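Structure record follows, encoded as structure tokens.
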Amino acid sequence: MAATRFAAVLERARGLGRAVGAFTCYDLEGFEAVAGSAEAQGAPAIVLISPSSFAAPGGRRLARAFVAMATEASVDLLVQLDHVSDRDQIERAADAGLDAVMADGSKLDYEQNVEFTRTVAGSLRPRGVAVEAELGRVEGHEDRAGPVASGELTDPAQAREFAERTGVDCLAVAIGNVHGHYSGTPRLDFDRLEAITGTPPLSLHGASGLPEPALRRAVALGVAKVNVNTELRAAYFGALRANVDATEEGLDLKALGEATVAAVARVVDSKLAAFGWAPEELRRSA
Ligand SMILES: [Zn+2]
């Protein structure tokens, strides 16, 4: 049996040839979009909290709200603190009841990354909190979009050794993927991905802007978790822009919120479908 609920959900998805969608949520509207879409498609999902959200005033409250709301969902809904390297923040995330942290040691050299990840996993996993790590370097900024070129790619042999030495539940790979907007046409190194695939389940960050066939191929090759952020924010901003004038006269915040939830949910729907969850007929019209 998997040591953590997070690992069990990823392993079940991988067994089905599917991937769990992980979606960054900055507020309750974002959460509602992810939860509603996941429930409609009967798919598990991961709600990601960015480290800047978590560290901000009210961040811990937001995290606890997400955890409480996730227990109400009719599907497996997990909450993860994304890209954190600060040990205090990692401990605070575990204390707040989150299901997982992405312990990001990718800026460290290899041995330091092993030591950092091994220590975090040793502390958190016995408490049921899963640990995802990163090997290689996924470039770009998680909260702001900008053109990005890919960073240092994950070495397959090193990935196997890293997983054995650290005992992580999930490993984020760098195979040409970036955070934010791709500068030029994205090119994923599928041969490299195929060579890395094995235990533990792999995650692919920076899925915004990757064409659907590339996402499907990555999932078919064993990626069990895919992170999406930029496209959700673009849909959110687009809905605000399109609806703010119509709702401003009555100061109708509820209608504005509903428009943003619907726009973000459409993106989540299409990603979950690409990750193998939704039959075509269940897709909402865009
Ligand atoms: Zn990421």
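We label chains A, B, ... in the order they appear in the structure tokens, count residues from 1 in each chain, and number ligands from 1 in the order shown.
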
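When the distance limit is 9 Å and only C-alpha atoms are what count, the residues near segment 27-30 of chain A, minus those fewer than 2 positions from it on the same chain, are Phe23, Thr24, Cys25, Glu32, Ala33, Val34, Ala35, Leu62, Ala65, Phe66, Leu232, Tyr236, Gly257, Glu258, Thr260, Val261, Val264 and Ala265 of chain A.
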
> Can you tell me, as a PyMOL selection string, what residues are no more than 9 Å from Gly176 of chain A when counting only C-alpha atoms, ignoring any on the same chain fewer than 6 positions away?
Replying inline: chain A and resi 138+149-153+186-189

Export, as an mmCIF file, in the first residue's frame, the selected residues with N, CA and C atoms.
data_model
loop_
_atom_site.group_PDB
_atom_site.id
_atom_site.type_symbol
_atom_site.label_atom_id
_atom_site.label_comp_id
_atom_site.auth_asym_id
_atom_site.auth_seq_id
_atom_site.Cartn_x
_atom_site.Cartn_y
_atom_site.Cartn_z
ATOM 1 N N VAL A 138 12.920 23.133 -13.996
ATOM 2 C CA VAL A 138 11.814 23.693 -14.778
ATOM 3 C C VAL A 138 11.889 25.205 -14.605
ATOM 4 N N ALA A 149 12.693 29.995 -21.756
ATOM 5 C CA ALA A 149 13.363 28.883 -22.439
ATOM 6 C C ALA A 149 13.610 27.778 -21.413
ATOM 7 N N SER A 150 13.683 26.522 -21.879
ATOM 8 C CA SER A 150 13.776 25.412 -20.933
ATOM 9 C C SER A 150 15.136 25.373 -20.243
ATOM 10 N N GLY A 151 15.161 24.770 -19.033
ATOM 11 C CA GLY A 151 16.383 24.709 -18.228
ATOM 12 C C GLY A 151 17.087 23.373 -18.349
ATOM 13 N N GLU A 152 17.869 23.038 -17.337
ATOM 14 C CA GLU A 152 18.646 21.798 -17.339
ATOM 15 C C GLU A 152 17.711 20.583 -17.293
ATOM 16 N N LEU A 153 17.888 19.640 -18.188
ATOM 17 C CA LEU A 153 16.960 18.512 -18.285
ATOM 18 C C LEU A 153 17.312 17.415 -17.278
ATOM 19 N N PRO A 186 6.883 24.695 -28.024
ATOM 20 C CA PRO A 186 7.399 23.779 -27.010
ATOM 21 C C PRO A 186 7.815 22.442 -27.613
ATOM 22 N N ARG A 187 8.959 21.950 -27.203
ATOM 23 C CA ARG A 187 9.436 20.642 -27.684
ATOM 24 C C ARG A 187 9.798 19.797 -26.470
ATOM 25 N N LEU A 188 8.980 18.797 -26.210
ATOM 26 C CA LEU A 188 9.272 17.906 -25.093
ATOM 27 C C LEU A 188 10.157 16.761 -25.579
ATOM 28 N N ASP A 189 11.088 16.360 -24.724
ATOM 29 C CA ASP A 189 12.004 15.264 -25.046
ATOM 30 C C ASP A 189 11.372 13.953 -24.577
#

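The space between atom CA of Ala68 of chain A and atom CA of Ser208 of chain A spans 27.7 Å.
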
>> Could you list, as a list in words, all residues that come within 7 Å of ligand 1? Count only C-alpha atoms and all ligand atoms.
In response: Asp82, His83, Val138, Glu142, His179, His205, Gly206 and Asn227 of chain A

Would you mind exporting the chosen residues as a compact mmCIF listing (two decimals), in the first residue's frame, restricted to C-alpha atoms?
# COMPACT_ATOMS: atom_id res chain seq x y z
CA ASP A 82 3.72 24.02 -4.58
CA HIS A 83 7.45 24.80 -5.00
CA VAL A 138 11.81 23.69 -14.78
CA GLU A 142 5.04 30.19 -11.15
CA HIS A 179 6.53 27.63 -16.19
CA HIS A 205 5.00 21.12 -14.55
CA GLY A 206 4.27 23.98 -16.93
CA ASN A 227 0.50 21.00 -13.18

>> Given only C-alpha atoms as the basis, pick out the residue of A:Val226, A:Ala40, A:Leu204, A:Ala246 nearest to Ala22 of chain A.
In response: A:Val226

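The nearest approach to Ala133 of chain A among the residues A:Lys254, A:Arg64, A:His181, A:Lys107, with only C-alpha atoms taken into account, belongs to A:Lys107.
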
> Looking at A:Gly184, A:Gly105, A:Gly21, A:Gly167, which one is nearest to Ala43 of chain A, with distances taken over only C-alpha atoms?
Replying inline: A:Gly21

>> When DSSP is applied to the backbone of this structure, which of segment 137-275 of chain A are assigned strand (DSSP E or B)? Write them out as a list in words.
In response: Pro147, Val148, Cys170, Leu171, Ala172, Val173, His181, Tyr182, Leu202, Ser203, Leu204, Val223, Ala224, Lys225, Val226, Asn227 and Val228 of chain A

>> What's around segment 73-75 of chain A at 9 Å? Count only C-alpha atoms, leave out sequence neighbours fewer than 6 positions away in its own chain, and write the answer as a ChimeraX atom specification.
In response: /A:35-36,38-39,42-45

>> Between A:Glu249, A:Asp95, A:Glu134, A:Glu11, which residue has the minimum interatomic distance to Phe116 of chain A, considering only C-alpha atoms?
In response: A:Glu134

>> Could you go through segment 227-259 of chain A and tell me which residues DSSP, when run on the backbone, assigns to helix (DSSP H, G or I), listing them as a PyMOL selection string?
In response: chain A and resi 230-248+253-259
